[in-house]
Amino acid sequence: MITLTVNETDYELDLDPRTSLLDALRDHLALTGTKKGCDHGQCGACTVLVNGRRINSCLTLAVMHDGDAVTTIEGLGTPEALHPMQTSFLNHDGFQCGYCTPGQIVSALGMLDEFRAGWPSHVSASLDGQTDLSDEEISERMSGNICRCSAYPNIVDAIRAARDERADKGESEGLA
Ligand code: FES
Ligand code: FES
């Protein structure tokens, strides 16, 4: 028996130890917002936050997360009160079929927290953190999230706009 806190609700689960975190969410908790694309860590459709960090939930076993806090797309907003990142994806036409979108949105929030913490990316000019979240930075940092519809330019616009709006309000870039 393990305990998972998912979207601030505690669940006790008796799982086959081979169950991935993705399958635990989708098949045992009926949280199907998190998508299964490749099931091999290659597409990012299954991205969730675990203790605030983004991970591919298909690549990890649920039993490895006993006591952890998981945030899925269902934990970010409701149809009546969208999360600002969800609103930005709508406003900037950041999706077509929408299959990759939950993973993109969750990944974007994790990515912005990483950026704020000063983590460099492959394209960062310096290893000491960087101040400008350029389109190139966003694209590189989101490169683990594949969009088969190729909505990438609008996804980058949506992420930048959501981040700029929060920065204008003096808020942090991430979930906080
Ligand atoms: S389903 Fe997990 S990375 Fe593709
Ligand atoms: S919107 Fe269709 S896969 Fe991204």
# chains A, B, ... in the order shown; residues from 1 in each chain; ligands from 1

call {"tool": "select_by_dssp", "arguments": {"residues": "chain A", "states": "strand (DSSP E)", "output": "short mmCIF file (atom, residue, chain, number, x, y, z; two decimals) with C-alpha atoms, in the first residue's frame"}}
result
data_model
loop_
_atom_site.label_atom_id
_atom_site.label_comp_id
_atom_site.auth_asym_id
_atom_site.auth_seq_id
_atom_site.Cartn_x
_atom_site.Cartn_y
_atom_site.Cartn_z
CA ILE A 2 1.35 3.44 -0.90
CA THR A 3 0.07 6.94 -0.33
CA LEU A 4 0.09 9.52 -3.09
CA THR A 5 -1.05 13.08 -2.69
CA VAL A 6 -2.45 14.02 -6.08
CA THR A 9 -5.95 14.92 -2.23
CA ASP A 10 -4.48 11.90 -0.43
CA TYR A 11 -4.98 8.47 -2.00
CA GLU A 12 -4.04 5.04 -0.69
CA LEU A 13 -3.25 2.64 -3.50
CA THR A 47 4.50 15.18 -17.85
CA VAL A 48 3.43 15.81 -14.25
CA LEU A 49 4.99 17.67 -11.36
CA VAL A 50 6.31 15.55 -8.49
CA ARG A 53 9.58 19.11 -10.40
CA ARG A 54 8.48 18.03 -13.86
CA ILE A 55 8.98 14.40 -14.78
CA ASN A 56 7.78 11.93 -17.40
CA ALA A 69 2.93 15.20 -3.97
CA VAL A 70 1.86 14.97 -7.60
CA THR A 71 0.28 17.74 -9.65
#

call {"tool": "select_by_dssp", "arguments": {"residues": "segment 3-91 of chain A", "states": "alpha helix (DSSP H)", "output": "PyMOL selection string"}}
result
chain A and resi 21-23+84-91

call {"tool": "write_last_selection", "arguments": {"atoms": "all heavy atoms", "output": "CSV table (one decimal), in the first residue's frame"}}
result
chain,number,residue,atom,x,y,z
A,21,LEU,N,3.8,5.4,-12.8
A,21,LEU,CA,3.0,6.5,-12.2
A,21,LEU,C,1.9,6.9,-13.1
A,21,LEU,O,0.8,7.3,-12.7
A,21,LEU,CB,4.0,7.7,-11.8
A,21,LEU,CG,3.3,8.9,-11.2
A,21,LEU,CD1,2.6,8.6,-9.9
A,21,LEU,CD2,4.4,10.0,-11.0
A,22,LEU,N,2.2,7.0,-14.4
A,22,LEU,CA,1.2,7.3,-15.4
A,22,LEU,C,0.0,6.4,-15.4
A,22,LEU,O,-1.1,6.9,-15.3
A,22,LEU,CB,1.9,7.3,-16.8
A,22,LEU,CG,0.9,7.6,-18.0
A,22,LEU,CD1,0.3,9.0,-17.9
A,22,LEU,CD2,1.6,7.4,-19.3
A,23,ASP,N,0.2,5.1,-15.3
A,23,ASP,CA,-0.9,4.2,-15.3
A,23,ASP,C,-1.6,4.3,-14.0
A,23,ASP,O,-2.9,4.1,-13.9
A,23,ASP,CB,-0.4,2.8,-15.5
A,23,ASP,CG,0.0,2.5,-17.0
A,23,ASP,OD1,-0.4,3.4,-17.8
A,23,ASP,OD2,0.7,1.5,-17.3
A,84,PRO,N,-3.6,30.5,-15.3
A,84,PRO,CA,-3.1,31.5,-16.3
A,84,PRO,C,-2.4,30.9,-17.5
A,84,PRO,O,-2.5,31.4,-18.6
A,84,PRO,CB,-2.2,32.4,-15.5
A,84,PRO,CG,-2.7,32.3,-14.1
A,84,PRO,CD,-3.3,30.9,-13.9
A,85,MET,N,-1.7,29.8,-17.3
A,85,MET,CA,-1.0,29.2,-18.4
A,85,MET,C,-2.0,28.5,-19.3
A,85,MET,O,-1.8,28.5,-20.6
A,85,MET,CB,0.0,28.1,-17.9
A,85,MET,CG,0.9,27.5,-19.0
A,85,MET,SD,2.0,28.7,-19.7
A,85,MET,CE,3.3,28.9,-18.5
A,86,GLN,N,-3.1,28.0,-18.8
A,86,GLN,CA,-4.1,27.4,-19.7
A,86,GLN,C,-4.8,28.5,-20.5
A,86,GLN,O,-5.0,28.4,-21.7
A,86,GLN,CB,-5.2,26.7,-18.8
A,86,GLN,CG,-4.6,25.4,-18.1
A,86,GLN,CD,-5.6,24.8,-17.1
A,86,GLN,OE1,-6.2,25.5,-16.3
A,86,GLN,NE2,-5.7,23.5,-17.2
A,87,THR,N,-5.1,29.6,-19.8
A,87,THR,CA,-5.7,30.8,-20.5
A,87,THR,C,-4.7,31.2,-21.7
A,87,THR,O,-5.2,31.6,-22.8
A,87,THR,CB,-5.9,31.9,-19.5
A,87,THR,OG1,-6.8,31.5,-18.5
A,87,THR,CG2,-6.6,33.1,-20.3
A,88,SER,N,-3.5,31.3,-21.4
A,88,SER,CA,-2.5,31.8,-22.4
A,88,SER,C,-2.4,30.8,-23.6
A,88,SER,O,-2.3,31.3,-24.7
A,88,SER,CB,-1.1,31.9,-21.7
A,88,SER,OG,-0.3,32.7,-22.5
A,89,PHE,N,-2.5,29.5,-23.3
A,89,PHE,CA,-2.5,28.6,-24.5
A,89,PHE,C,-3.8,28.8,-25.3
A,89,PHE,O,-3.7,28.7,-26.5
A,89,PHE,CB,-2.5,27.1,-24.0
A,89,PHE,CG,-1.1,26.6,-23.9
A,89,PHE,CD1,-0.2,27.0,-23.0
A,89,PHE,CD2,-0.7,25.5,-24.7
A,89,PHE,CE1,1.1,26.5,-22.9
A,89,PHE,CE2,0.6,25.0,-24.7
A,89,PHE,CZ,1.5,25.5,-23.8
A,90,LEU,N,-4.9,29.1,-24.7
A,90,LEU,CA,-6.1,29.4,-25.4
A,90,LEU,C,-5.9,30.7,-26.2
A,90,LEU,O,-6.2,30.7,-27.4
A,90,LEU,CB,-7.3,29.6,-24.5
A,90,LEU,CG,-8.1,28.4,-24.0
A,90,LEU,CD1,-9.2,28.8,-23.0
A,90,LEU,CD2,-8.7,27.7,-25.2
A,91,ASN,N,-5.5,31.7,-25.6
A,91,ASN,CA,-5.4,33.0,-26.2
A,91,ASN,C,-4.4,33.1,-27.4
A,91,ASN,O,-4.5,33.8,-28.3
A,91,ASN,CB,-5.0,34.1,-25.2
A,91,ASN,CG,-6.0,34.4,-24.2
A,91,ASN,OD1,-7.2,34.0,-24.4
A,91,ASN,ND2,-5.7,35.0,-23.1

call {"tool": "residues_around", "arguments": {"residues": "Ala151 of chain A", "least_positions_apart": "4", "cutoff": "9 Å", "atoms": "only C-alpha atoms", "output": "PDB file with C-alpha atoms, in the first residue's frame"}}
result
ATOM      1  CA  ASP A  93      -3.785  29.242 -30.160  1.00  0.00           C
ATOM      2  CA  GLY A  94      -1.176  26.967 -28.594  1.00  0.00           C
ATOM      3  CA  PHE A  95      -2.763  23.694 -29.623  1.00  0.00           C
ATOM      4  CA  GLN A  96      -4.480  21.954 -32.492  1.00  0.00           C
ATOM      5  CA  CYS A 147       3.743  18.253 -30.590  1.00  0.00           C
ATOM      6  CA  ILE A 155       3.244  27.260 -27.684  1.00  0.00           C
ATOM      7  CA  VAL A 156       6.356  29.418 -27.255  1.00  0.00           C
TER       8      VAL A 156
END

call {"tool": "closest_atom_pairs", "arguments": {"of": "chain A", "to": "ligand 1", "cutoff": "7 Å", "atoms": "only C-alpha atoms and all ligand atoms", "output": "Markdown table"}}
result
| residue | atom | partner | partner_atom_place_in_ligand_line | distance |
| --- | --- | --- | --- | --- |
| A:Lys35 | CA | ligand 1 | 1 (S) | 6.6 |
| A:Lys36 | CA | ligand 1 | 1 (S) | 4.1 |
| A:Gly37 | CA | ligand 1 | 1 (S) | 4.1 |
| A:Cys38 | CA | ligand 1 | 4 (Fe) | 3.9 |
| A:Asp39 | CA | ligand 1 | 1 (S) | 3.8 |
| A:His40 | CA | ligand 1 | 4 (Fe) | 5.4 |
| A:Gly41 | CA | ligand 1 | 3 (S) | 3.3 |
| A:Gln42 | CA | ligand 1 | 3 (S) | 4.4 |
| A:Cys43 | CA | ligand 1 | 4 (Fe) | 3.8 |
| A:Gly44 | CA | ligand 1 | 3 (S) | 4.0 |
| A:Ala45 | CA | ligand 1 | 4 (Fe) | 5.2 |
| A:Cys46 | CA | ligand 1 | 2 (Fe) | 4.4 |
| A:Thr47 | CA | ligand 1 | 2 (Fe) | 6.8 |
| A:Asn56 | CA | ligand 1 | 2 (Fe) | 5.1 |
| A:Ser57 | CA | ligand 1 | 2 (Fe) | 5.9 |
| A:Cys58 | CA | ligand 1 | 2 (Fe) | 4.3 |
| A:Leu59 | CA | ligand 1 | 2 (Fe) | 6.4 |

call {"tool": "closest_residue", "arguments": {"among": "A:His83, A:Arg141, A:Arg148, A:Arg26", "to": "ligand 2", "atoms": "only C-alpha atoms and all ligand atoms"}}
result
A:Arg148

call {"tool": "residues_around", "arguments": {"residues": "segment 61-63 of chain A", "least_positions_apart": "5", "cutoff": "7 Å", "atoms": "only C-alpha atoms", "output": "PyMOL selection string"}}
result
chain A and resi 2+17-21+24

call {"tool": "closest_residue", "arguments": {"among": "A:Asp157, A:Asp14, A:Asp113, A:Glu165", "to": "Glu136 of chain A", "atoms": "only C-alpha atoms"}}
result
A:Asp157

call {"tool": "closest_residue", "arguments": {"among": "A:Leu133, A:Met142, A:Cys100, A:Ala162", "to": "ligand 2", "atoms": "only C-alpha atoms and all ligand atoms"}}
result
A:Cys100

call {"tool": "atom_distance", "arguments": {"atom1": "atom CA of Ser121 of chain A", "atom2": "atom CA of Leu25 of chain A"}}
result
29.6 Å

call {"tool": "residues_around", "arguments": {"residues": "Ser124 of chain A", "least_positions_apart": "3", "cutoff": "12 Å", "atoms": "only C-alpha atoms", "output": "MDAnalysis selection string"}}
result
chainID A and resid 115 118:121 127:141

call {"tool": "atom_distance", "arguments": {"atom1": "atom CA of Val123 of chain A", "atom2": "atom CA of Asn51 of chain A"}}
result
26.3 Å

call {"tool": "closest_residue", "arguments": {"among": "A:Gly144, A:Lys169, A:Ser126, A:Gly103", "to": "ligand 2", "atoms": "only C-alpha atoms and all ligand atoms"}}
result
A:Gly103

call {"tool": "closest_residue", "arguments": {"among": "A:Asn7, A:Ala125, A:Gly110, A:Pro153", "to": "ligand 2", "atoms": "only C-alpha atoms and all ligand atoms"}}
result
A:Pro153

call {"tool": "atom_distance", "arguments": {"atom1": "atom CA of Ile159 of chain A", "atom2": "atom CA of Ile105 of chain A"}}
result
8.3 Å

call {"tool": "decode", "arguments": {"residues": "segment 127-173 of chain A", "atoms": "N, CA and C atoms", "output": "compact mmCIF listing (two decimals), in the first residue's frame"}}
result
# COMPACT_ATOMS: atom_id res chain seq x y z
N LEU A 127 26.65 29.61 -17.48
CA LEU A 127 26.22 28.56 -16.56
C LEU A 127 25.77 29.14 -15.23
N ASP A 128 25.85 30.45 -15.09
CA ASP A 128 25.52 31.10 -13.82
C ASP A 128 24.09 31.62 -13.78
N GLY A 129 23.22 31.08 -14.59
CA GLY A 129 21.86 31.60 -14.62
C GLY A 129 21.78 32.67 -15.67
N GLN A 130 20.60 32.92 -16.17
CA GLN A 130 20.49 33.89 -17.24
C GLN A 130 19.20 34.67 -17.10
N THR A 131 19.23 35.90 -17.53
CA THR A 131 18.11 36.78 -17.22
C THR A 131 17.05 36.80 -18.30
N ASP A 132 17.44 36.52 -19.54
CA ASP A 132 16.50 36.67 -20.65
C ASP A 132 15.92 35.32 -21.05
N LEU A 133 14.62 35.19 -20.92
CA LEU A 133 13.98 33.94 -21.35
C LEU A 133 13.58 34.11 -22.82
N SER A 134 14.57 33.89 -23.68
CA SER A 134 14.36 34.09 -25.11
C SER A 134 13.51 32.94 -25.69
N ASP A 135 13.05 33.14 -26.91
CA ASP A 135 12.32 32.07 -27.59
C ASP A 135 13.20 30.83 -27.71
N GLU A 136 14.49 31.05 -27.97
CA GLU A 136 15.42 29.92 -28.10
C GLU A 136 15.51 29.15 -26.78
N GLU A 137 15.54 29.91 -25.66
CA GLU A 137 15.58 29.24 -24.35
C GLU A 137 14.30 28.43 -24.12
N ILE A 138 13.16 29.03 -24.42
CA ILE A 138 11.90 28.32 -24.19
C ILE A 138 11.86 27.05 -25.04
N SER A 139 12.23 27.17 -26.31
CA SER A 139 12.19 26.01 -27.21
C SER A 139 13.10 24.90 -26.72
N GLU A 140 14.32 25.27 -26.31
CA GLU A 140 15.26 24.26 -25.84
C GLU A 140 14.76 23.58 -24.57
N ARG A 141 14.27 24.40 -23.65
CA ARG A 141 13.83 23.87 -22.36
C ARG A 141 12.54 23.05 -22.49
N MET A 142 11.78 23.26 -23.56
CA MET A 142 10.54 22.51 -23.79
C MET A 142 10.75 21.40 -24.82
N SER A 143 12.00 21.12 -25.17
CA SER A 143 12.26 20.19 -26.27
C SER A 143 11.87 18.75 -25.93
N GLY A 144 11.61 18.46 -24.68
CA GLY A 144 11.16 17.12 -24.32
C GLY A 144 9.67 16.90 -24.54
N ASN A 145 8.99 17.95 -24.93
CA ASN A 145 7.54 17.86 -25.17
C ASN A 145 7.27 17.98 -26.67
N ILE A 146 6.93 16.86 -27.26
CA ILE A 146 6.73 16.80 -28.71
C ILE A 146 5.27 17.15 -29.04
N CYS A 147 5.09 17.94 -30.10
CA CYS A 147 3.74 18.25 -30.59
C CYS A 147 3.64 17.76 -32.03
N ARG A 148 2.83 16.75 -32.22
CA ARG A 148 2.72 16.17 -33.57
C ARG A 148 2.02 17.13 -34.53
N CYS A 149 1.23 18.04 -34.00
CA CYS A 149 0.58 19.06 -34.84
C CYS A 149 1.53 20.21 -35.14
N SER A 150 2.66 20.22 -34.48
CA SER A 150 3.67 21.24 -34.72
C SER A 150 3.17 22.65 -34.41
N ALA A 151 2.52 22.79 -33.28
CA ALA A 151 2.03 24.10 -32.84
C ALA A 151 3.12 24.89 -32.10
N TYR A 152 4.35 24.55 -32.34
CA TYR A 152 5.45 25.08 -31.52
C TYR A 152 5.52 26.61 -31.43
N PRO A 153 5.41 27.35 -32.56
CA PRO A 153 5.53 28.82 -32.42
C PRO A 153 4.48 29.40 -31.46
N ASN A 154 3.27 28.89 -31.52
CA ASN A 154 2.22 29.40 -30.66
C ASN A 154 2.40 28.93 -29.22
N ILE A 155 2.94 27.74 -29.04
CA ILE A 155 3.24 27.26 -27.68
C ILE A 155 4.28 28.17 -27.03
N VAL A 156 5.32 28.51 -27.78
CA VAL A 156 6.36 29.42 -27.26
C VAL A 156 5.73 30.77 -26.91
N ASP A 157 4.88 31.29 -27.81
CA ASP A 157 4.21 32.58 -27.53
C ASP A 157 3.38 32.49 -26.25
N ALA A 158 2.65 31.40 -26.12
CA ALA A 158 1.76 31.25 -24.95
C ALA A 158 2.57 31.22 -23.66
N ILE A 159 3.67 30.48 -23.66
CA ILE A 159 4.48 30.36 -22.45
C ILE A 159 5.11 31.72 -22.11
N ARG A 160 5.64 32.39 -23.13
CA ARG A 160 6.28 33.69 -22.86
C ARG A 160 5.26 34.69 -22.33
N ALA A 161 4.07 34.70 -22.94
CA ALA A 161 3.04 35.66 -22.50
C ALA A 161 2.60 35.37 -21.08
N ALA A 162 2.42 34.11 -20.73
CA ALA A 162 2.00 33.77 -19.37
C ALA A 162 3.07 34.18 -18.37
N ARG A 163 4.30 33.96 -18.74
CA ARG A 163 5.41 34.31 -17.86
C ARG A 163 5.52 35.82 -17.72
N ASP A 164 5.38 36.55 -18.83
CA ASP A 164 5.50 38.01 -18.77
C ASP A 164 4.38 38.61 -17.94
N GLU A 165 3.19 38.03 -18.06
CA GLU A 165 2.07 38.56 -17.29
C GLU A 165 2.31 38.39 -15.80
N ARG A 166 2.84 37.22 -15.42
CA ARG A 166 3.12 36.99 -14.00
C ARG A 166 4.24 37.89 -13.53
N ALA A 167 5.25 38.08 -14.40
CA ALA A 167 6.36 38.95 -14.02
C ALA A 167 5.87 40.38 -13.85
N ASP A 168 4.93 40.81 -14.73
CA ASP A 168 4.37 42.17 -14.62
C ASP A 168 3.67 42.36 -13.29
N LYS A 169 3.05 41.27 -12.83
CA LYS A 169 2.32 41.36 -11.56
C LYS A 169 3.24 41.19 -10.36
N GLY A 170 4.53 41.00 -10.65
CA GLY A 170 5.47 40.81 -9.56
C GLY A 170 5.37 39.43 -8.93
N GLU A 171 4.77 38.48 -9.66
CA GLU A 171 4.63 37.13 -9.12
C GLU A 171 5.75 36.26 -9.67
N SER A 172 5.94 35.12 -9.07
CA SER A 172 6.93 34.19 -9.56
C SER A 172 6.42 33.57 -10.85
N GLU A 173 7.34 32.96 -11.62
CA GLU A 173 6.95 32.40 -12.90
C GLU A 173 6.23 31.07 -12.77
